[in-house]
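Quick look at my_file.txt (compact mmCIF, C-alpha atoms and all ligand atoms):
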```
# COMPACT_ATOMS: atom_id res chain seq x y z
CA MET A 1 -6.55 -16.87 -31.41
CA ALA A 2 -9.87 -15.60 -32.73
CA ASN A 3 -12.66 -15.16 -30.23
CA LYS A 4 -15.41 -14.74 -32.74
CA GLY A 5 -16.55 -16.48 -35.90
CA LYS A 6 -16.55 -20.21 -36.23
CA VAL A 7 -14.49 -22.19 -33.75
CA LYS A 8 -11.61 -23.84 -35.62
CA VAL A 9 -11.35 -27.52 -34.75
CA GLY A 10 -8.66 -30.19 -35.11
CA ILE A 11 -9.50 -33.88 -34.79
CA ILE A 12 -7.08 -36.48 -33.39
CA GLY A 13 -7.87 -39.87 -34.94
CA SER A 14 -9.38 -40.64 -38.32
CA GLN A 15 -11.53 -43.72 -38.00
CA PHE A 16 -14.91 -44.56 -36.45
CA GLU A 17 -15.53 -41.75 -33.96
CA ALA A 18 -13.43 -39.23 -35.90
CA ASP A 19 -15.78 -39.74 -38.83
CA ILE A 20 -18.75 -39.09 -36.52
CA HIS A 21 -17.17 -35.87 -35.25
CA ALA A 22 -16.33 -34.64 -38.76
CA ALA A 23 -19.83 -35.47 -40.01
CA SER A 24 -21.43 -33.85 -36.96
CA PHE A 25 -19.61 -30.54 -37.49
CA GLN A 26 -20.72 -30.67 -41.12
CA ILE A 27 -24.38 -31.37 -40.19
CA MET A 28 -24.47 -28.31 -37.89
CA PRO A 29 -21.89 -26.00 -39.49
CA GLU A 30 -22.89 -22.62 -37.99
CA GLU A 31 -20.64 -22.64 -34.91
CA ALA A 32 -17.50 -24.56 -35.88
CA GLU A 33 -15.40 -25.88 -38.76
CA VAL A 34 -12.89 -28.71 -38.87
CA VAL A 35 -9.61 -27.37 -40.24
CA ALA A 36 -7.23 -30.26 -39.49
CA VAL A 37 -7.07 -33.97 -38.79
CA SER A 38 -4.20 -36.01 -37.38
CA SER A 39 -3.69 -39.74 -37.28
CA PRO A 40 -0.54 -41.89 -37.61
CA THR A 41 -1.61 -44.44 -40.24
CA PRO A 42 -0.56 -43.28 -43.73
CA GLY A 43 -3.60 -42.70 -45.92
CA HIS A 44 -6.20 -42.66 -43.12
CA PRO A 45 -6.27 -38.97 -42.20
CA GLU A 46 -5.99 -38.13 -45.91
CA GLU A 47 -9.13 -40.18 -46.57
CA LEU A 48 -11.11 -38.44 -43.82
CA ALA A 49 -9.84 -35.06 -45.09
CA ARG A 50 -11.02 -35.88 -48.64
CA LYS A 51 -14.42 -37.07 -47.44
CA TYR A 52 -15.16 -33.92 -45.41
CA GLY A 53 -13.05 -31.29 -47.18
CA ILE A 54 -10.65 -30.85 -44.24
CA PRO A 55 -7.74 -28.70 -45.49
CA ARG A 56 -4.84 -29.80 -43.27
CA VAL A 57 -3.54 -33.33 -42.54
CA PHE A 58 -0.97 -34.43 -39.94
CA HIS A 59 0.49 -37.78 -38.94
CA ASP A 60 1.72 -36.61 -35.52
CA TYR A 61 -0.88 -34.81 -33.42
CA ARG A 62 1.84 -32.75 -31.72
CA GLU A 63 2.53 -31.10 -35.06
CA MET A 64 -1.17 -30.29 -35.45
CA LEU A 65 -1.15 -28.72 -31.98
CA LYS A 66 1.39 -26.15 -33.23
CA GLU A 67 -1.22 -24.68 -35.61
CA LYS A 68 -2.03 -21.31 -34.07
CA ASP A 69 -5.57 -20.91 -35.37
CA ILE A 70 -6.89 -24.20 -33.95
CA GLU A 71 -8.95 -23.45 -30.83
CA MET A 72 -10.53 -26.79 -29.96
CA VAL A 73 -9.26 -30.34 -30.44
CA THR A 74 -11.42 -33.46 -30.32
CA ILE A 75 -9.73 -36.67 -29.18
CA THR A 76 -10.95 -39.88 -30.82
CA ALA A 77 -7.98 -42.15 -30.12
CA PRO A 78 -7.98 -45.34 -28.01
CA ASN A 79 -8.74 -44.86 -24.29
CA ARG A 80 -5.16 -45.25 -23.02
CA LEU A 81 -4.14 -42.16 -25.05
CA HIS A 82 -6.88 -39.82 -23.77
CA ALA A 83 -4.91 -38.48 -20.79
CA PRO A 84 -1.55 -37.75 -22.49
CA MET A 85 -3.33 -36.26 -25.52
CA THR A 86 -5.56 -34.06 -23.35
CA ILE A 87 -2.59 -32.77 -21.38
CA ASP A 88 -0.53 -32.06 -24.53
CA THR A 89 -3.52 -30.30 -26.12
CA ALA A 90 -4.20 -28.12 -23.08
CA ARG A 91 -0.50 -27.23 -22.80
CA ALA A 92 -0.69 -26.11 -26.43
CA GLY A 93 -3.48 -23.72 -25.38
CA LYS A 94 -6.47 -25.46 -26.99
CA HIS A 95 -9.84 -26.49 -25.58
CA VAL A 96 -10.32 -30.26 -25.39
CA VAL A 97 -13.23 -32.51 -26.33
CA CYS A 98 -12.30 -35.92 -24.93
CA GLU A 99 -14.21 -39.00 -26.01
CA LYS A 100 -15.61 -41.37 -23.41
CA PRO A 101 -14.43 -42.98 -21.16
CA LEU A 102 -12.37 -40.09 -19.87
CA CYS A 103 -9.16 -42.06 -19.20
CA MET A 104 -7.66 -45.09 -17.43
CA THR A 105 -7.14 -43.95 -13.81
CA LEU A 106 -8.45 -41.38 -11.35
CA GLU A 107 -4.95 -39.91 -11.11
CA GLU A 108 -5.08 -39.25 -14.85
CA ALA A 109 -8.57 -37.74 -14.54
CA ASP A 110 -7.36 -35.30 -11.87
CA GLN A 111 -4.33 -34.35 -13.94
CA MET A 112 -6.46 -33.75 -17.06
CA ILE A 113 -8.90 -31.55 -15.15
CA ASP A 114 -6.14 -29.64 -13.33
CA THR A 115 -4.09 -28.99 -16.49
CA CYS A 116 -7.09 -27.59 -18.39
CA LYS A 117 -8.07 -25.45 -15.38
CA GLN A 118 -4.55 -24.06 -14.98
CA GLN A 119 -4.53 -23.12 -18.67
CA GLY A 120 -8.01 -21.53 -18.42
CA LEU A 121 -9.38 -23.99 -20.99
CA HIS A 122 -12.48 -26.14 -21.24
CA LEU A 123 -12.27 -29.89 -20.85
CA PHE A 124 -15.46 -31.23 -22.46
CA TYR A 125 -16.47 -34.84 -21.86
CA ALA A 126 -18.06 -36.23 -25.00
CA GLU A 127 -21.21 -37.88 -23.64
CA GLU A 128 -23.72 -37.62 -26.47
CA LEU A 129 -26.59 -39.12 -24.47
CA PHE A 130 -26.98 -35.68 -22.83
CA PHE A 131 -27.99 -34.47 -26.31
CA THR A 132 -29.94 -37.47 -27.69
CA PRO A 133 -33.25 -35.87 -28.70
CA LYS A 134 -35.46 -38.76 -27.52
CA TYR A 135 -33.71 -38.96 -24.15
CA VAL A 136 -33.71 -35.17 -23.75
CA LYS A 137 -37.50 -35.29 -24.22
CA ALA A 138 -37.79 -37.96 -21.50
CA LYS A 139 -35.75 -35.78 -19.13
CA GLU A 140 -37.81 -32.68 -19.92
CA MET A 141 -40.98 -34.61 -19.06
CA ALA A 142 -39.42 -35.93 -15.84
CA ASP A 143 -38.38 -32.40 -14.85
CA GLN A 144 -41.95 -31.21 -15.51
CA GLY A 145 -43.22 -33.85 -13.06
CA ALA A 146 -44.74 -36.18 -15.67
CA PHE A 147 -43.69 -39.32 -13.77
CA GLY A 148 -44.10 -38.01 -10.20
CA LYS A 149 -41.13 -39.00 -8.03
CA VAL A 150 -38.72 -40.95 -10.21
CA TYR A 151 -37.45 -44.04 -8.35
CA LEU A 152 -35.79 -46.03 -11.15
CA VAL A 153 -33.92 -45.05 -14.32
CA LYS A 154 -32.54 -47.73 -16.65
CA GLN A 155 -30.17 -47.35 -19.58
CA SER A 156 -28.82 -50.20 -21.66
CA GLU A 157 -26.60 -50.48 -24.69
CA LYS A 158 -25.96 -53.80 -26.40
CA HIS A 159 -24.42 -55.27 -29.56
CA PHE A 160 -22.08 -58.16 -30.45
CA GLY A 161 -18.81 -56.39 -29.85
CA PRO A 162 -16.73 -53.44 -31.03
CA HIS A 163 -15.32 -52.76 -34.48
CA ALA A 164 -11.59 -52.21 -33.79
CA PRO A 165 -9.06 -54.67 -32.27
CA TRP A 166 -7.81 -52.31 -29.53
CA PHE A 167 -11.18 -52.39 -27.69
CA TRP A 168 -10.63 -56.11 -26.98
CA ASP A 169 -7.12 -55.48 -25.58
CA VAL A 170 -7.69 -54.33 -22.00
CA GLU A 171 -4.21 -52.77 -21.85
CA GLN A 172 -5.45 -50.22 -24.40
CA SER A 173 -9.11 -50.00 -23.43
CA GLY A 174 -8.91 -50.37 -19.63
CA GLY A 175 -11.76 -52.88 -19.49
CA GLY A 176 -14.51 -54.57 -21.45
CA VAL A 177 -18.10 -53.59 -22.11
CA LEU A 178 -18.64 -51.80 -18.79
CA MET A 179 -15.74 -49.48 -19.54
CA ASP A 180 -16.77 -49.05 -23.18
CA MET A 181 -20.53 -48.62 -22.89
CA GLY A 182 -21.38 -48.70 -19.17
CA CYS A 183 -19.77 -45.27 -19.01
CA HIS A 184 -22.72 -43.98 -21.09
CA GLY A 185 -25.34 -45.44 -18.73
CA ILE A 186 -23.61 -44.19 -15.58
CA ALA A 187 -23.39 -40.65 -16.99
CA PHE A 188 -26.95 -40.89 -18.27
CA CYS A 189 -28.51 -41.87 -14.91
CA TYR A 190 -26.51 -39.17 -13.11
CA TRP A 191 -27.62 -36.51 -15.62
CA PHE A 192 -31.22 -37.73 -15.72
CA LEU A 193 -31.47 -37.60 -11.92
CA ASN A 194 -30.25 -34.00 -11.96
CA ARG A 195 -26.75 -34.84 -10.72
CA SER A 196 -27.80 -36.32 -7.38
CA SER A 197 -24.71 -37.83 -5.67
CA ILE A 198 -24.05 -41.52 -6.17
CA LYS A 199 -23.91 -43.38 -2.83
CA SER A 200 -23.04 -46.92 -3.87
CA VAL A 201 -22.41 -49.25 -6.79
CA TYR A 202 -23.17 -52.97 -7.20
CA CYS A 203 -22.05 -54.79 -10.31
CA GLN A 204 -22.12 -58.28 -11.82
CA MET A 205 -20.11 -59.08 -14.93
CA GLY A 206 -18.72 -61.96 -16.93
CA THR A 207 -17.25 -63.05 -20.25
CA TYR A 208 -19.89 -65.16 -22.00
CA ALA A 209 -19.35 -64.93 -25.77
CA HIS A 210 -15.83 -63.69 -26.49
CA GLY A 211 -13.48 -65.47 -24.06
CA ASP A 212 -11.36 -66.49 -27.06
CA ARG A 213 -10.50 -62.89 -27.96
CA THR A 214 -10.54 -60.80 -24.78
CA ARG A 215 -9.80 -60.85 -21.08
CA GLY A 216 -12.44 -58.16 -20.67
CA GLU A 217 -16.07 -58.67 -19.59
CA ASP A 218 -18.63 -58.85 -22.39
CA ASN A 219 -21.77 -58.47 -20.28
CA SER A 220 -22.38 -56.31 -17.21
CA ILE A 221 -25.23 -55.27 -14.94
CA CYS A 222 -24.65 -52.34 -12.66
CA ILE A 223 -26.93 -50.88 -9.94
CA LEU A 224 -26.34 -47.35 -8.69
CA GLU A 225 -27.93 -45.94 -5.51
CA PHE A 226 -28.43 -42.18 -5.58
CA GLU A 227 -28.55 -39.77 -2.65
CA ASN A 228 -32.09 -38.68 -3.66
CA GLY A 229 -33.37 -42.25 -3.13
CA ALA A 230 -33.57 -43.23 -6.81
CA VAL A 231 -31.86 -46.23 -8.38
CA GLY A 232 -30.00 -46.43 -11.69
CA LEU A 233 -29.74 -49.72 -13.58
CA VAL A 234 -27.09 -49.85 -16.28
CA GLU A 235 -27.00 -52.95 -18.52
CA ASP A 236 -24.42 -53.45 -21.25
CA SER A 237 -23.47 -56.23 -23.59
CA TRP A 238 -20.99 -57.15 -26.27
CA ALA A 239 -22.63 -60.60 -26.38
CA ARG A 240 -26.01 -59.57 -27.79
CA ARG A 241 -26.62 -60.55 -31.43
CA GLY A 242 -28.49 -58.43 -33.93
CA GLY A 243 -26.88 -54.98 -34.16
CA MET A 244 -27.07 -52.01 -31.85
CA ASP A 245 -29.69 -51.72 -29.12
CA ASP A 246 -29.92 -48.58 -26.96
CA CYS A 247 -32.88 -48.09 -24.59
CA ILE A 248 -34.00 -46.24 -21.51
CA GLU A 249 -36.87 -46.78 -19.07
CA VAL A 250 -37.99 -44.26 -16.46
CA TYR A 251 -40.29 -45.22 -13.58
CA GLY A 252 -41.91 -42.83 -11.10
CA ASN A 253 -44.80 -43.03 -8.64
CA GLY A 254 -46.86 -41.00 -11.13
CA GLY A 255 -45.90 -42.44 -14.49
CA VAL A 256 -43.46 -44.24 -16.75
CA THR A 257 -41.79 -43.80 -20.13
CA TYR A 258 -39.86 -46.12 -22.42
CA ALA A 259 -37.57 -45.01 -25.20
CA ASP A 260 -35.87 -47.27 -27.71
CA LEU A 261 -33.34 -45.12 -29.53
CA HIS A 262 -33.24 -47.16 -32.70
CA MET A 263 -36.56 -48.94 -33.12
CA GLY A 264 -38.65 -45.81 -32.79
CA ASN A 265 -36.60 -44.24 -35.56
CA ALA A 266 -36.51 -47.29 -37.80
CA LEU A 267 -38.36 -48.57 -40.84
CA PRO A 268 -39.33 -52.24 -40.34
CA THR A 269 -37.95 -53.61 -43.62
CA TYR A 270 -37.73 -56.94 -45.41
CA SER A 271 -35.23 -57.37 -48.28
CA GLU A 272 -34.17 -60.54 -50.16
CA SER A 273 -31.13 -58.88 -51.72
CA GLY A 274 -30.01 -56.57 -48.90
CA TYR A 275 -29.05 -52.91 -49.31
CA GLY A 276 -26.36 -50.44 -48.24
CA TYR A 277 -26.62 -49.74 -44.51
CA ALA A 278 -29.14 -50.48 -41.77
CA VAL A 279 -27.78 -49.37 -38.41
CA GLU A 280 -24.49 -49.39 -36.50
CA LYS A 281 -23.09 -52.92 -35.96
CA ALA A 282 -25.92 -54.65 -37.90
CA PRO A 283 -24.34 -57.81 -39.36
CA THR A 284 -26.62 -57.99 -42.44
CA THR A 285 -29.16 -56.02 -44.45
CA GLN A 286 -30.94 -59.12 -45.80
CA GLY A 287 -34.19 -60.49 -44.41
CA TRP A 288 -35.96 -58.45 -41.74
CA THR A 289 -33.93 -55.39 -40.70
CA TYR A 290 -34.61 -52.03 -39.04
CA PRO A 291 -32.75 -49.28 -40.93
CA VAL A 292 -32.55 -45.93 -39.15
CA PHE A 293 -32.49 -42.48 -40.73
CA GLU A 294 -30.60 -39.37 -39.60
CA GLU A 295 -28.60 -41.69 -37.32
CA LEU A 296 -26.12 -39.12 -36.00
CA TRP A 297 -28.87 -36.58 -35.32
CA ASN A 298 -30.91 -39.17 -33.42
CA TYR A 299 -27.86 -39.94 -31.27
CA GLY A 300 -27.26 -36.24 -30.59
CA PHE A 301 -23.68 -36.01 -31.90
CA PRO A 302 -24.14 -32.82 -34.01
CA GLN A 303 -26.01 -31.13 -31.15
CA GLU A 304 -23.20 -32.16 -28.77
CA MET A 305 -20.41 -30.69 -30.96
CA ARG A 306 -22.43 -27.52 -31.53
CA HIS A 307 -22.87 -27.12 -27.76
CA PHE A 308 -19.11 -27.47 -27.16
CA ALA A 309 -18.35 -24.85 -29.83
CA ARG A 310 -20.92 -22.48 -28.32
CA CYS A 311 -19.33 -22.97 -24.87
CA VAL A 312 -15.96 -21.95 -26.34
CA ARG A 313 -17.61 -18.71 -27.52
CA GLY A 314 -19.26 -18.21 -24.09
CA LYS A 315 -22.75 -18.64 -25.54
CA GLU A 316 -23.62 -21.66 -23.36
CA GLU A 317 -22.50 -23.20 -20.06
CA PRO A 318 -20.91 -26.66 -20.42
CA ILE A 319 -23.14 -29.54 -19.31
CA ALA A 320 -20.64 -32.34 -19.99
CA THR A 321 -17.35 -31.55 -18.30
CA GLY A 322 -14.18 -33.32 -17.20
CA GLU A 323 -15.70 -33.54 -13.71
CA VAL A 324 -18.58 -35.67 -15.06
CA GLY A 325 -16.02 -37.88 -16.81
CA ARG A 326 -14.09 -38.20 -13.53
CA LEU A 327 -17.21 -39.22 -11.61
CA VAL A 328 -17.98 -41.85 -14.26
CA GLN A 329 -14.38 -43.09 -13.93
CA GLU A 330 -14.80 -43.42 -10.15
CA VAL A 331 -18.06 -45.35 -10.58
CA LEU A 332 -16.41 -47.63 -13.19
CA CYS A 333 -13.62 -48.43 -10.71
CA ALA A 334 -16.13 -49.08 -7.92
CA ALA A 335 -18.16 -51.32 -10.26
CA TYR A 336 -15.15 -53.50 -11.17
CA GLN A 337 -14.30 -53.77 -7.47
CA SER A 338 -17.92 -54.70 -6.66
CA ALA A 339 -17.93 -57.40 -9.35
CA ARG A 340 -14.91 -58.93 -7.69
CA LEU A 341 -16.20 -58.66 -4.11
CA GLY A 342 -19.82 -59.58 -4.87
CA CYS A 343 -21.15 -56.73 -2.74
CA LYS A 344 -21.93 -53.01 -2.87
CA VAL A 345 -19.03 -50.55 -2.96
CA ARG A 346 -19.64 -47.14 -1.41
CA LEU A 347 -18.49 -43.85 -2.90
CA PRO A 348 -16.19 -41.96 -2.63
CA PHE A 349 -13.91 -44.74 -3.90
CA ARG A 350 -10.24 -44.06 -4.54
CA PRO A 351 -8.29 -47.18 -5.49
CA GLN A 352 -4.52 -46.99 -5.11
CA ARG A 353 -1.87 -48.22 -7.54
CA VAL A 354 -4.33 -49.39 -10.20
CA LYS A 355 -3.23 -49.05 -13.83
CA LYS A 356 -6.68 -49.62 -15.33
CA PRO A 357 -10.20 -50.13 -13.99
CA ILE A 358 -10.47 -53.81 -14.92
CA ASP A 359 -7.51 -54.60 -12.62
CA LEU A 360 -9.99 -54.16 -9.77
CA TRP A 361 -12.03 -57.11 -11.05
CA TRP A 362 -9.03 -59.40 -11.14
CA ALA A 363 -6.84 -58.21 -8.28
CA ALA A 364 -7.45 -58.92 -4.60
CA PRO A 365 -8.81 -55.82 -2.86
CA ALA A 366 -6.60 -54.00 -0.39
CA GLY A 367 -6.35 -55.92 2.89
CA GLN A 368 -7.16 -59.36 1.42
N1 LIG B 1 -19.34 -41.52 -27.95
C1 LIG B 1 -19.50 -42.68 -28.52
O1 LIG B 1 -20.59 -43.20 -28.62
C2 LIG B 1 -18.29 -43.40 -29.05
C3 LIG B 1 -18.43 -44.35 -30.07
C4 LIG B 1 -17.28 -44.99 -30.54
C5 LIG B 1 -16.05 -44.70 -29.98
N2 LIG B 1 -15.95 -43.79 -28.98
C6 LIG B 1 -14.65 -43.51 -28.35
O2 LIG B 1 -13.81 -42.86 -29.29
C7 LIG B 1 -12.47 -43.28 -29.11
C8 LIG B 1 -11.96 -43.83 -30.45
O3 LIG B 1 -12.73 -44.96 -30.80
P1 LIG B 1 -12.94 -45.36 -32.34
O4 LIG B 1 -14.10 -46.27 -32.36
O5 LIG B 1 -12.89 -44.20 -33.19
O6 LIG B 1 -11.60 -46.24 -32.58
P2 LIG B 1 -10.92 -46.52 -33.98
O7 LIG B 1 -10.00 -47.66 -33.76
O8 LIG B 1 -11.94 -46.60 -35.05
O9 LIG B 1 -10.05 -45.20 -34.25
C9 LIG B 1 -8.99 -44.86 -33.39
C10 LIG B 1 -8.16 -43.79 -34.06
O10 LIG B 1 -7.12 -43.39 -33.18
C11 LIG B 1 -5.94 -43.24 -33.95
N3 LIG B 1 -4.73 -43.32 -33.14
C12 LIG B 1 -4.18 -44.41 -32.56
N4 LIG B 1 -3.02 -44.06 -31.97
C13 LIG B 1 -2.84 -42.73 -32.20
C14 LIG B 1 -1.84 -41.80 -31.87
N5 LIG B 1 -0.78 -42.18 -31.17
N6 LIG B 1 -1.98 -40.53 -32.29
C15 LIG B 1 -3.06 -40.14 -32.99
N7 LIG B 1 -4.05 -40.98 -33.33
C16 LIG B 1 -3.94 -42.26 -32.94
C17 LIG B 1 -6.02 -44.39 -34.95
O11 LIG B 1 -5.10 -44.18 -36.00
C18 LIG B 1 -7.48 -44.26 -35.36
O12 LIG B 1 -7.62 -43.28 -36.34
C19 LIG B 1 -12.49 -44.30 -27.98
O13 LIG B 1 -12.11 -43.68 -26.78
C20 LIG B 1 -13.93 -44.76 -27.92
O14 LIG B 1 -14.32 -45.18 -26.62
C21 LIG B 1 -17.04 -43.13 -28.53
```

Conversion result in structure tokens:
Amino acid sequence: MANKGKVKVGIIGSQFEADIHAASFQIMPEEAEVVAVSSPTPGHPEELARKYGIPRVFHDYREMLKEKDIEMVTITAPNRLHAPMTIDTARAGKHVVCEKPLCMTLEEADQMIDTCKQQGLHLFYAEELFFTPKYVKAKEMADQGAFGKVYLVKQSEKHFGPHAPWFWDVEQSGGGVLMDMGCHGIAFCYWFLNRSSIKSVYCQMGTYAHGDRTRGEDNSICILEFENGAVGLVEDSWARRGGMDDCIEVYGNGGVTYADLHMGNALPTYSESGYGYAVEKAPTTQGWTYPVFEELWNYGFPQEMRHFARCVRGKEEPIATGEVGRLVQEVLCAAYQSARLGCKVRLPFRPQRVKKPIDLWWAAPAGQ
């Protein structure tokens, strides 16, 4: 395999997040190029390949893994497939970018990390909030002391529910909105607070709007206590109308900052007829809407993919690793357990014989 020039990338999956990855590599093309895409549905990978000029198409990702020149593979398949795909990819000798959440169980997380380590390969955890320009600015200011001692960091992500059916099926997703979007907030607070250890987790959740289509929770509130004395508050919803909402708030004894990822980058717009596209998950473009521009850049996806490619070439040290994904997985498990028990759950937390995090919300805890 080449160790200079652009990193050659293969993408597993061809729909929502695969499109974001392909577009992101195209927006920042200096470090990497997508040379292959694999997805089982006839016509789908072909369509992505046409859209982004990707030369090779596969319907079985194992066939794509045989391509010698591919150095890094990004995994954008449903959550239950992350672990087997990561392990197959690492065994084929390729670096892995795994989408969030890392996997379904802590056993899987350990196996993913161990396999990549044994092969001498990177396991990157695709948390784009570490690269979101507005949030990076907030962290830079916090690190410069702008807010004094930070005691509370909030992150929330809300919309009216995901785009693909598998998210609603907890056997494939592992849980509802906490699993899907709470993983962002947990990682964000941990990163923002300079990776202070997490001491405990308290979580409340319920299914308020979509009980007819999922057994998963569609609203969750999660409080994290950090070793350094700060608190993280992670709020997520699939029950919130009106398109995507993604915000942070940072409070310290010397200052405060608020960042709304979409509104600050939007054009308050009124249209009788509607127009092409406003923002992710917006149900309409008629009436008052808030279209964003450079959406992927504002999220940080191109910067994230560029960073991973530079790590492969040894130009940067990874900041979003499998270990971060594992910690998030542990906190997710503790949060589901807390929602069941109605009290704080302390870390480290290692549930036994659990197939997916949401089982801890439904099942009686050990000893009960
Ligand atoms: N970082 C983010 O903000 C973000 C946003 C959306 C999704 N995601 C994550 O990305 C992953 C994919 O989500 P999505 O929204 O793209 O879902 P999606 O349903 O739009 O696409 C899933 C893709 O996986 C493919 N797939 C299914 N089974 C496969 C198999 N056996 N082999 C190869 N490909 C297979 C499907 O054909 C499809 O192309 C999820 O883990 C999700 O949590 C992350």

Using only C-alpha atoms, determine which residues lie at most 8 Å from Glu17 (chain A), disregarding the query and same-chain residues fewer than 4 positions distant; provide the list as a VMD selection string.
chain A and resid 13 21 76

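With the cut-off set to 6 Å and only C-alpha atoms and all ligand atoms counted, the residues surrounding ligand LIG 1 (chain B) are Ile12, Gly13, Ser14, Gln15, Phe16, Glu17, Ala18, Ser39, Pro40, Thr41, Tyr61, Thr76, Ala77, Pro78, Asn79, Glu99, Lys100, Pro101, Glu127, Ala164 and Asp180 of chain A.
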
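What separates CA of Leu81 (chain A) from CA of Arg50 (chain A) is a distance of 25.4 Å.
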
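For Leu360 (chain A), the list of residues within 10 Å, based on only C-alpha atoms and with local chain neighbours fewer than 2 positions off taken out, reads Gly175, Leu332, Cys333, Ala334, Ala335, Tyr336, Gln337, Ser338, Ala339, Arg340, Leu341, Pro351, Val354, Lys355, Lys356, Pro357, Ile358, Trp362, Ala363, Ala364, Pro365 and Ala366 of chain A.
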
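A straight line drawn from CA of Cys247 (chain A) to CA of His159 (chain A) is 12.2 Å long.
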
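The closest residue to Lys6 (chain A), picked from A:Lys51, A:Gly287, A:Asn219, A:Arg306 and counting only C-alpha atoms, is A:Arg306.
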
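Distance annotation: of A:Lys68, A:Lys158, A:Lys139, A:Arg195, the residue with the minimal separation from Asp245 (chain A) is A:Lys158; atom set is all atoms listed in the file.
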
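Relative to CA of Asp260 (chain A), CA of Gln204 (chain A) is found at 23.7 Å.
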
Residues around (-24.9, -46.9, -37.4), cut-off 9 Å, counting all atoms listed in the file - what are they as a ChimeraX atom specification?
/A:243-244,277-282,291-292,295-296

Preceding selection exported with C-alpha atoms as a PDB file, keeping the file's coordinate frame:
```pdb
ATOM      1  CA  GLY A 243     -26.880 -54.980 -34.160  1.00  0.00           C
ATOM      2  CA  MET A 244     -27.070 -52.010 -31.850  1.00  0.00           C
ATOM      3  CA  TYR A 277     -26.620 -49.740 -44.510  1.00  0.00           C
ATOM      4  CA  ALA A 278     -29.140 -50.480 -41.770  1.00  0.00           C
ATOM      5  CA  VAL A 279     -27.780 -49.370 -38.410  1.00  0.00           C
ATOM      6  CA  GLU A 280     -24.490 -49.390 -36.500  1.00  0.00           C
ATOM      7  CA  LYS A 281     -23.090 -52.920 -35.960  1.00  0.00           C
ATOM      8  CA  ALA A 282     -25.920 -54.650 -37.900  1.00  0.00           C
ATOM      9  CA  PRO A 291     -32.750 -49.280 -40.930  1.00  0.00           C
ATOM     10  CA  VAL A 292     -32.550 -45.930 -39.150  1.00  0.00           C
ATOM     11  CA  GLU A 295     -28.600 -41.690 -37.320  1.00  0.00           C
ATOM     12  CA  LEU A 296     -26.120 -39.120 -36.000  1.00  0.00           C
TER      13      LEU A 296
END
```

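Here the question is which of A:Val256, A:Gly264, A:Ser197, A:Glu33 gets nearest to Pro348 (chain A) using all atoms listed in the file, and that residue is A:Ser197.
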
Quick one: residues within 7 Å of Tyr125 (chain A), all atoms listed in the file, excluding same-chain residues fewer than 6 positions away - as an NGL selection string?
:A and (97-100 or 102 or 320-322 or 325)

Please save C-alpha atoms of the selected residues as a PDB file, in the coordinates of the input.
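Produced file out-v5.pdb, reproduced below:
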```pdb
ATOM      1  CA  VAL A  97     -13.230 -32.510 -26.330  1.00  0.00           C
ATOM      2  CA  CYS A  98     -12.300 -35.920 -24.930  1.00  0.00           C
ATOM      3  CA  GLU A  99     -14.210 -39.000 -26.010  1.00  0.00           C
ATOM      4  CA  LYS A 100     -15.610 -41.370 -23.410  1.00  0.00           C
ATOM      5  CA  LEU A 102     -12.370 -40.090 -19.870  1.00  0.00           C
ATOM      6  CA  ALA A 320     -20.640 -32.340 -19.990  1.00  0.00           C
ATOM      7  CA  THR A 321     -17.350 -31.550 -18.300  1.00  0.00           C
ATOM      8  CA  GLY A 322     -14.180 -33.320 -17.200  1.00  0.00           C
ATOM      9  CA  GLY A 325     -16.020 -37.880 -16.810  1.00  0.00           C
TER      10      GLY A 325
END
```
